[in-house]
Each structure stands twice: as structure tokens, then as C-alpha cells.
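Structure file coords28.pdb (PDB, C-alpha atoms) is printed below.
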```pdb
MODEL        1
ATOM      1  CA  MET C 253       9.879  13.702 -18.606  1.00  0.00           C
ATOM      2  CA  LYS C 254       8.287  16.680 -16.904  1.00  0.00           C
ATOM      3  CA  ALA C 255      10.577  18.326 -14.372  1.00  0.00           C
ATOM      4  CA  LEU C 256      10.375  21.157 -11.893  1.00  0.00           C
ATOM      5  CA  LEU C 257      13.202  23.666 -12.302  1.00  0.00           C
ATOM      6  CA  VAL C 258      13.735  25.593  -9.079  1.00  0.00           C
ATOM      7  CA  SER C 259      15.837  28.746  -9.188  1.00  0.00           C
ATOM      8  CA  ALA C 260      16.869  31.032  -6.384  1.00  0.00           C
ATOM      9  CA  HIS C 261      18.401  34.319  -7.450  1.00  0.00           C
ATOM     10  CA  VAL C 262      17.240  37.849  -6.737  1.00  0.00           C
ATOM     11  CA  ARG C 263      17.952  39.152 -10.258  1.00  0.00           C
ATOM     12  CA  PRO C 264      15.946  37.838 -13.217  1.00  0.00           C
ATOM     13  CA  ASN C 265      18.859  38.623 -15.576  1.00  0.00           C
ATOM     14  CA  SER C 266      21.525  36.838 -13.514  1.00  0.00           C
ATOM     15  CA  LEU C 267      24.113  34.347 -14.703  1.00  0.00           C
ATOM     16  CA  THR C 268      22.209  31.774 -12.630  1.00  0.00           C
ATOM     17  CA  LYS C 269      19.091  32.414 -14.745  1.00  0.00           C
ATOM     18  CA  ALA C 270      21.132  32.247 -17.959  1.00  0.00           C
ATOM     19  CA  ALA C 271      22.605  28.902 -16.852  1.00  0.00           C
ATOM     20  CA  ALA C 272      19.124  27.599 -16.008  1.00  0.00           C
ATOM     21  CA  ASP C 273      17.885  28.721 -19.441  1.00  0.00           C
ATOM     22  CA  ALA C 274      20.793  26.937 -21.162  1.00  0.00           C
ATOM     23  CA  PHE C 275      20.100  23.754 -19.177  1.00  0.00           C
ATOM     24  CA  VAL C 276      16.380  23.823 -20.030  1.00  0.00           C
ATOM     25  CA  GLN C 277      16.949  24.533 -23.730  1.00  0.00           C
ATOM     26  CA  ALA C 278      19.362  21.604 -24.061  1.00  0.00           C
ATOM     27  CA  ALA C 279      17.178  19.221 -22.043  1.00  0.00           C
ATOM     28  CA  ALA C 280      14.078  20.243 -24.018  1.00  0.00           C
ATOM     29  CA  ARG C 281      15.817  19.058 -27.204  1.00  0.00           C
ATOM     30  CA  ASN C 282      15.665  15.586 -25.635  1.00  0.00           C
ATOM     31  CA  GLY C 283      11.898  15.928 -25.134  1.00  0.00           C
ATOM     32  CA  HIS C 284      11.831  17.095 -21.515  1.00  0.00           C
ATOM     33  CA  GLU C 285       9.344  19.733 -20.326  1.00  0.00           C
ATOM     34  CA  PHE C 286       9.893  22.120 -17.428  1.00  0.00           C
ATOM     35  CA  GLU C 287       7.754  23.923 -14.913  1.00  0.00           C
ATOM     36  CA  TRP C 288       9.651  26.896 -13.477  1.00  0.00           C
ATOM     37  CA  ALA C 289       9.656  27.813  -9.816  1.00  0.00           C
ATOM     38  CA  ASN C 290      11.526  31.031  -9.104  1.00  0.00           C
ATOM     39  CA  LEU C 291      11.392  31.192  -5.329  1.00  0.00           C
ATOM     40  CA  VAL C 292      12.191  34.909  -5.204  1.00  0.00           C
ATOM     41  CA  SER C 293       9.631  36.140  -7.743  1.00  0.00           C
ATOM     42  CA  ASP C 294       7.095  33.604  -6.411  1.00  0.00           C
ATOM     43  CA  GLY C 295       7.438  35.249  -3.003  1.00  0.00           C
ATOM     44  CA  PHE C 296       8.216  32.015  -1.173  1.00  0.00           C
ATOM     45  CA  ASP C 297       8.599  32.559   2.593  1.00  0.00           C
ATOM     46  CA  PRO C 298      11.718  30.618   3.656  1.00  0.00           C
ATOM     47  CA  VAL C 299      11.169  30.984   7.400  1.00  0.00           C
ATOM     48  CA  LEU C 300      10.317  27.729   9.154  1.00  0.00           C
ATOM     49  CA  ARG C 301       7.521  28.419  11.608  1.00  0.00           C
ATOM     50  CA  GLU C 302       5.713  26.078  13.987  1.00  0.00           C
ATOM     51  CA  PRO C 303       3.040  24.859  11.506  1.00  0.00           C
ATOM     52  CA  ASP C 304       5.821  23.461   9.287  1.00  0.00           C
ATOM     53  CA  GLU C 305       8.149  22.251  12.007  1.00  0.00           C
ATOM     54  CA  PRO C 306       8.696  18.482  11.747  1.00  0.00           C
ATOM     55  CA  ASP C 307       6.654  16.452  14.217  1.00  0.00           C
ATOM     56  CA  TRP C 308       8.806  13.398  14.909  1.00  0.00           C
ATOM     57  CA  SER C 309       5.830  11.588  16.461  1.00  0.00           C
ATOM     58  CA  ASN C 310       3.531  12.183  13.465  1.00  0.00           C
ATOM     59  CA  PRO C 311       4.768  11.308   9.952  1.00  0.00           C
ATOM     60  CA  ASP C 312       1.280  12.191   8.631  1.00  0.00           C
ATOM     61  CA  LYS C 313       1.326  15.768   9.908  1.00  0.00           C
ATOM     62  CA  VAL C 314      -0.571  18.232   7.757  1.00  0.00           C
ATOM     63  CA  TYR C 315       1.650  21.196   6.951  1.00  0.00           C
ATOM     64  CA  SER C 316       0.721  24.785   6.062  1.00  0.00           C
ATOM     65  CA  SER C 317      -1.140  25.607   2.855  1.00  0.00           C
ATOM     66  CA  GLN C 318       1.978  27.173   1.285  1.00  0.00           C
ATOM     67  CA  VAL C 319       3.982  24.016   1.952  1.00  0.00           C
ATOM     68  CA  ILE C 320       1.197  21.758   0.687  1.00  0.00           C
ATOM     69  CA  SER C 321       1.026  23.857  -2.483  1.00  0.00           C
ATOM     70  CA  GLU C 322       4.794  23.422  -3.006  1.00  0.00           C
ATOM     71  CA  MET C 323       4.527  19.668  -2.358  1.00  0.00           C
ATOM     72  CA  GLU C 324       1.770  19.456  -4.979  1.00  0.00           C
ATOM     73  CA  ARG C 325       3.921  21.411  -7.446  1.00  0.00           C
ATOM     74  CA  ILE C 326       6.708  18.890  -6.940  1.00  0.00           C
ATOM     75  CA  GLU C 327       4.348  15.904  -7.174  1.00  0.00           C
ATOM     76  CA  ARG C 328       2.920  16.967 -10.550  1.00  0.00           C
ATOM     77  CA  ASN C 329       6.429  16.599 -11.984  1.00  0.00           C
ATOM     78  CA  GLN C 330       8.738  13.596 -12.365  1.00  0.00           C
ATOM     79  CA  ALA C 331      12.109  15.164 -11.513  1.00  0.00           C
ATOM     80  CA  THR C 332      13.573  18.239  -9.848  1.00  0.00           C
ATOM     81  CA  VAL C 333      16.430  20.437 -11.052  1.00  0.00           C
ATOM     82  CA  VAL C 334      17.714  23.154  -8.725  1.00  0.00           C
ATOM     83  CA  VAL C 335      19.902  25.984 -10.076  1.00  0.00           C
ATOM     84  CA  PHE C 336      21.366  28.476  -7.634  1.00  0.00           C
ATOM     85  CA  PRO C 337      24.305  30.768  -6.906  1.00  0.00           C
ATOM     86  CA  VAL C 338      26.742  29.655  -4.241  1.00  0.00           C
ATOM     87  CA  TRP C 339      26.598  32.057  -1.321  1.00  0.00           C
ATOM     88  CA  TRP C 340      28.819  31.379   1.693  1.00  0.00           C
ATOM     89  CA  TRP C 341      29.728  27.953   0.269  1.00  0.00           C
ATOM     90  CA  SER C 342      26.129  26.836   0.204  1.00  0.00           C
ATOM     91  CA  MET C 343      22.762  27.759  -1.270  1.00  0.00           C
ATOM     92  CA  PRO C 344      20.868  31.030  -0.763  1.00  0.00           C
ATOM     93  CA  ALA C 345      18.716  31.202   2.366  1.00  0.00           C
ATOM     94  CA  ILE C 346      15.485  31.199   0.362  1.00  0.00           C
ATOM     95  CA  LEU C 347      16.407  27.854  -1.214  1.00  0.00           C
ATOM     96  CA  LYS C 348      17.544  26.356   2.083  1.00  0.00           C
ATOM     97  CA  GLY C 349      14.277  27.557   3.634  1.00  0.00           C
ATOM     98  CA  TRP C 350      12.310  25.953   0.780  1.00  0.00           C
ATOM     99  CA  ILE C 351      14.034  22.645   1.480  1.00  0.00           C
ATOM    100  CA  ASP C 352      13.600  23.056   5.266  1.00  0.00           C
ATOM    101  CA  ARG C 353       9.880  23.734   4.939  1.00  0.00           C
ATOM    102  CA  VAL C 354       8.851  21.605   1.952  1.00  0.00           C
ATOM    103  CA  TRP C 355      11.141  18.568   2.020  1.00  0.00           C
ATOM    104  CA  ASN C 356       9.676  17.725   5.376  1.00  0.00           C
ATOM    105  CA  TYR C 357       9.418  14.759   7.724  1.00  0.00           C
ATOM    106  CA  GLY C 358       6.879  12.201   6.569  1.00  0.00           C
ATOM    107  CA  TRP C 359       7.021  13.494   2.990  1.00  0.00           C
ATOM    108  CA  ALA C 360      10.688  13.573   1.878  1.00  0.00           C
ATOM    109  CA  TYR C 361      12.271  11.536   4.687  1.00  0.00           C
ATOM    110  CA  GLY C 362      11.191   9.665   7.817  1.00  0.00           C
ATOM    111  CA  GLY C 363       9.530   6.565   6.415  1.00  0.00           C
ATOM    112  CA  ARG C 364       9.009   8.093   2.973  1.00  0.00           C
ATOM    113  CA  ASN C 365      11.413   9.421   0.368  1.00  0.00           C
ATOM    114  CA  TYR C 366      11.302  12.548  -1.742  1.00  0.00           C
ATOM    115  CA  PRO C 367       8.811  11.775  -4.537  1.00  0.00           C
ATOM    116  CA  HIS C 368      11.351  12.022  -7.389  1.00  0.00           C
ATOM    117  CA  LYS C 369      14.080   9.506  -8.109  1.00  0.00           C
ATOM    118  CA  ARG C 370      15.986  12.191 -10.055  1.00  0.00           C
ATOM    119  CA  VAL C 371      17.125  15.466  -8.468  1.00  0.00           C
ATOM    120  CA  TRP C 372      20.008  17.408  -9.938  1.00  0.00           C
ATOM    121  CA  MET C 373      21.592  20.529  -8.470  1.00  0.00           C
ATOM    122  CA  ILE C 374      23.607  23.074 -10.452  1.00  0.00           C
ATOM    123  CA  ALA C 375      25.495  25.563  -8.310  1.00  0.00           C
ATOM    124  CA  ILE C 376      27.118  28.671  -9.796  1.00  0.00           C
ATOM    125  CA  ALA C 377      30.265  29.518  -7.812  1.00  0.00           C
ATOM    126  CA  GLY C 378      32.202  32.784  -7.943  1.00  0.00           C
ATOM    127  CA  ASN C 379      35.715  31.461  -7.416  1.00  0.00           C
ATOM    128  CA  LYS C 380      37.765  28.974  -9.388  1.00  0.00           C
ATOM    129  CA  ALA C 381      37.709  25.288  -8.484  1.00  0.00           C
ATOM    130  CA  SER C 382      41.258  25.569  -7.128  1.00  0.00           C
ATOM    131  CA  SER C 383      40.071  28.059  -4.482  1.00  0.00           C
ATOM    132  CA  TYR C 384      37.375  25.650  -3.345  1.00  0.00           C
ATOM    133  CA  ARG C 385      39.791  22.690  -3.252  1.00  0.00           C
ATOM    134  CA  LYS C 386      42.399  24.717  -1.336  1.00  0.00           C
ATOM    135  CA  ARG C 387      40.084  25.171   1.654  1.00  0.00           C
ATOM    136  CA  GLY C 388      37.955  22.028   1.262  1.00  0.00           C
ATOM    137  CA  TYR C 389      34.798  23.964   0.364  1.00  0.00           C
ATOM    138  CA  ASP C 390      34.141  21.597  -2.549  1.00  0.00           C
ATOM    139  CA  THR C 391      34.132  18.601  -0.194  1.00  0.00           C
ATOM    140  CA  ALA C 392      32.006  20.452   2.358  1.00  0.00           C
ATOM    141  CA  MET C 393      29.392  21.290  -0.286  1.00  0.00           C
ATOM    142  CA  GLN C 394      29.393  17.692  -1.544  1.00  0.00           C
ATOM    143  CA  ILE C 395      28.772  16.376   1.969  1.00  0.00           C
ATOM    144  CA  GLN C 396      26.159  18.991   2.848  1.00  0.00           C
ATOM    145  CA  LEU C 397      24.140  19.053  -0.379  1.00  0.00           C
ATOM    146  CA  ASP C 398      24.608  15.679  -2.060  1.00  0.00           C
ATOM    147  CA  ILE C 399      24.870  13.426   0.960  1.00  0.00           C
ATOM    148  CA  GLY C 400      23.160  15.509   3.652  1.00  0.00           C
ATOM    149  CA  ILE C 401      20.104  16.419   1.565  1.00  0.00           C
ATOM    150  CA  LEU C 402      19.780  14.355  -1.611  1.00  0.00           C
ATOM    151  CA  GLU C 403      21.020  11.007  -0.345  1.00  0.00           C
ATOM    152  CA  TYR C 404      19.275  11.483   3.007  1.00  0.00           C
ATOM    153  CA  CYS C 405      15.964  11.923   1.158  1.00  0.00           C
ATOM    154  CA  GLY C 406      16.472   8.651  -0.734  1.00  0.00           C
ATOM    155  CA  ILE C 407      17.112  10.169  -4.161  1.00  0.00           C
ATOM    156  CA  GLU C 408      18.689   7.544  -6.398  1.00  0.00           C
ATOM    157  CA  ASP C 409      19.595   9.627  -9.468  1.00  0.00           C
ATOM    158  CA  ARG C 410      21.163  12.610  -7.765  1.00  0.00           C
ATOM    159  CA  ARG C 411      23.783  14.948  -9.079  1.00  0.00           C
ATOM    160  CA  LEU C 412      25.558  18.046  -7.828  1.00  0.00           C
ATOM    161  CA  ASP C 413      27.496  20.077 -10.369  1.00  0.00           C
ATOM    162  CA  VAL C 414      29.385  23.142  -9.191  1.00  0.00           C
ATOM    163  CA  LEU C 415      30.211  25.473 -12.078  1.00  0.00           C
ATOM    164  CA  TYR C 416      33.147  27.578 -10.950  1.00  0.00           C
ATOM    165  CA  GLY C 417      34.508  31.034 -11.765  1.00  0.00           C
ATOM    166  CA  SER C 418      31.490  33.261 -12.328  1.00  0.00           C
ATOM    167  CA  ILE C 419      33.227  36.411 -11.027  1.00  0.00           C
ATOM    168  CA  GLU C 420      36.785  35.708 -12.117  1.00  0.00           C
ATOM    169  CA  GLY C 421      36.538  37.204 -15.614  1.00  0.00           C
ATOM    170  CA  GLU C 422      36.450  35.911 -19.151  1.00  0.00           C
ATOM    171  CA  PRO C 423      35.783  33.292 -20.378  1.00  0.00           C
ATOM    172  CA  TYR C 424      34.197  32.005 -17.180  1.00  0.00           C
ATOM    173  CA  PRO C 425      30.597  33.202 -17.592  1.00  0.00           C
ATOM    174  CA  ALA C 426      30.519  31.834 -21.145  1.00  0.00           C
ATOM    175  CA  GLN C 427      32.030  28.568 -19.926  1.00  0.00           C
ATOM    176  CA  ILE C 428      29.406  28.293 -17.181  1.00  0.00           C
ATOM    177  CA  ILE C 429      26.631  28.673 -19.773  1.00  0.00           C
ATOM    178  CA  GLU C 430      28.257  26.038 -21.969  1.00  0.00           C
ATOM    179  CA  ASP C 431      28.686  23.644 -19.027  1.00  0.00           C
ATOM    180  CA  ALA C 432      25.028  24.110 -18.043  1.00  0.00           C
ATOM    181  CA  ARG C 433      24.052  23.363 -21.640  1.00  0.00           C
ATOM    182  CA  LYS C 434      26.104  20.133 -21.589  1.00  0.00           C
ATOM    183  CA  ILE C 435      24.509  19.072 -18.291  1.00  0.00           C
ATOM    184  CA  GLY C 436      21.069  19.744 -19.785  1.00  0.00           C
ATOM    185  CA  ALA C 437      21.897  17.663 -22.856  1.00  0.00           C
ATOM    186  CA  SER C 438      22.700  14.730 -20.565  1.00  0.00           C
ATOM    187  CA  PHE C 439      19.487  15.073 -18.533  1.00  0.00           C
TER
ENDMDL
END
```
Final C-alpha cells representation of the file:
Amino acid sequence: MKALLVSAHVRPNSLTKAAADAFVQAAARNGHEFEWANLVSDGFDPVLREPDEPDWSNPDKVYSSQVISEMERIERNQATVVVFPVWWWSMPAILKGWIDRVWNYGWAYGGRNYPHKRVWMIAIAGNKASSYRKRGYDTAMQIQLDIGILEYCGIEDRRLDVLYGSIEGEPYPAQIIEDARKIGASF
């Protein structure tokens, strides 16, 4: 299967990138191929402007050239994997803006579904899982990302994995890499 791997981190040497690399290496051993989309280095503009605003009366609206280019990049693949750091108990603004602009009405929802049946998200969280459970952030992320985006866009094989503890010391970064590798092996 050919899949689009979308990453959203400002540093090319980040733990998020290392986790994405581990995922891809493990999945490639099962014969999968990946096209990389690094939204930051690609210079993606996350700001939703009028040309890309959903038109609820026109599911066939033609969006901006940048959005059409991103839609074509998605369509030339068979699955999407999104790897990102958790910032403010969600995804970075550039990734949210990519979804706002590209996963648009008439293309990913509103009479049509996102073109891939498989979309997996891997989120790299700073705190331990117990911190997220304590305040309900884990449930909030599940509702927002899995149900509010993936399920809403009709994605059948959807998955959200939150890999916890990236800033809480050893052995957490190593464990995050290993967990990403295991997720990739199951792709």
C-alpha cells in the first residue's frame, strides 16, 4: 500500500520525526511505501481564507490551487498517517489548518467521504498518560480527533495512538520510538 505520511513539527530532528521514521521503517518491512508531507518545510499556509471556506450550497466548489494540490497528493495514495506533537491537548495549528483547508466540504465530508478508508494518527505527548487521564485530556482528544475528524469524514479504518511522556525523562523517548515502531509493524 502507498500511504501519505503527514508530519507537523518545526524541527527536522525532533522526537516526532524520529517516531515517524520508526513507523515508516517498520511498515516498509511489510511492503508499504510512503510519500512524506512535512507541512512546515513544505511551507503549507494553514490559514483558512475565503477561497477555501466551505460553501454549504455547493459541494462541487473548486478550492484554491494549494488545496487542490494537497487533495491530489492525498488521492495518489491509498492511506494517510499523521504524526504530530501534542500542543495544548491537540495538534499543532499548521496541521489543524491543513485539515480545515484540505479536508473540505464536498471532498472529505458533505455527501462524500475522505478518499482513504485508512487514516491513522500518532500523537507524541509530553506528559504521562496518568496526567492526561487525571484531567480528561485523553478523552477530549479521542472525541475531538477520532470522532470529530476521522469518524465524521467516514474513515472506516481509523486509529489514534497517543504516545505519552516525551518530556518526562528516560526511558520515555526510547519507549515512544519503540511504540511507533510497533504501530508501524501493525500497519
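Contact shell of C:Ser418 at 8 Å (only C-alpha atoms; same-chain neighbours under 4 positions omitted): Leu267, Ile376, Ala377, Gly378, Asn379, Tyr424, Pro425 and Ile428 of chain C.
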Can you write just those residues out, C-alpha atoms, as a short mmCIF file (atom, residue, chain, number, x, y, z; two decimals), in the coordinates of the input?
```
data_model
loop_
_atom_site.label_atom_id
_atom_site.label_comp_id
_atom_site.auth_asym_id
_atom_site.auth_seq_id
_atom_site.Cartn_x
_atom_site.Cartn_y
_atom_site.Cartn_z
CA LEU C 267 24.11 34.35 -14.70
CA ILE C 376 27.12 28.67 -9.80
CA ALA C 377 30.26 29.52 -7.81
CA GLY C 378 32.20 32.78 -7.94
CA ASN C 379 35.72 31.46 -7.42
CA TYR C 424 34.20 32.01 -17.18
CA PRO C 425 30.60 33.20 -17.59
CA ILE C 428 29.41 28.29 -17.18
#
```
Separation of atom CA of C:Glu420 and atom CA of C:Lys269, in Å? 18.2 Å
Of the residues C:Phe336, C:Tyr357, C:Trp341, C:Tyr384, which is the one nearest to C:Ser266, using only C-alpha atoms?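 Checking each candidate against C:Ser266, we get C:Phe336 as the closest.
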If you take only C-alpha atoms and a cut-off of 12 Å, which residues of stretch 334-425 of chain C touch stretch 296-314 of chain C, and what are their nearest atom pairs and distances in Å to one decimal, in chain and number order, as a tab-separated table?
```
residue	atom	partner	partner_atom	distance
C:Pro344	CA	C:Pro298	CA	10.2
C:Ala345	CA	C:Pro298	CA	7.1
C:Ile346	CA	C:Pro298	CA	5.0
C:Leu347	CA	C:Pro298	CA	7.3
C:Lys348	CA	C:Pro298	CA	7.4
C:Gly349	CA	C:Pro298	CA	4.0
C:Trp350	CA	C:Pro298	CA	5.5
C:Ile351	CA	C:Pro298	CA	8.6
C:Asp352	CA	C:Leu300	CA	6.9
C:Arg353	CA	C:Leu300	CA	5.8
C:Val354	CA	C:Asp304	CA	8.2
C:Trp355	CA	C:Pro306	CA	10.0
C:Asn356	CA	C:Pro306	CA	6.5
C:Tyr357	CA	C:Pro306	CA	5.5
C:Gly358	CA	C:Pro311	CA	4.1
C:Trp359	CA	C:Pro311	CA	7.6
C:Ala360	CA	C:Pro311	CA	10.3
C:Tyr361	CA	C:Pro311	CA	9.2
C:Gly362	CA	C:Pro311	CA	7.0
C:Gly363	CA	C:Pro311	CA	7.6
C:Arg364	CA	C:Pro311	CA	8.8
C:Asn365	CA	C:Pro311	CA	11.8
```
Enter the distance from atom CA of C:Gln396 to atom CA of C:Met373, in Å, rounded to one decimal.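 Distance reported for this atom pair: 12.3 Å.
For C:Val258, the residues within 6 Å (counting only C-alpha atoms, excluding itself and residues fewer than 3 positions away along the chain) are C:Ala289, C:Asn290, C:Val334.
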Evaluate the PyMOL selection byres ((chain C and resi 375) around 9) and report residues as an MDAnalysis selection string: chainID C and resid 268 334:338 342:343 373:374 376:377 412:416
Env of C:Gly436: 10 Å cut, atoms = only C-alpha atoms, seq-sep filter 6 positions within chain, self excluded. Answer as a ChimeraX atom specification. /C:271-282,284,333,430
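Our summary of the geometry notes that atom CA of C:Phe439 is positioned 25.4 Å from atom CA of C:Asp294.
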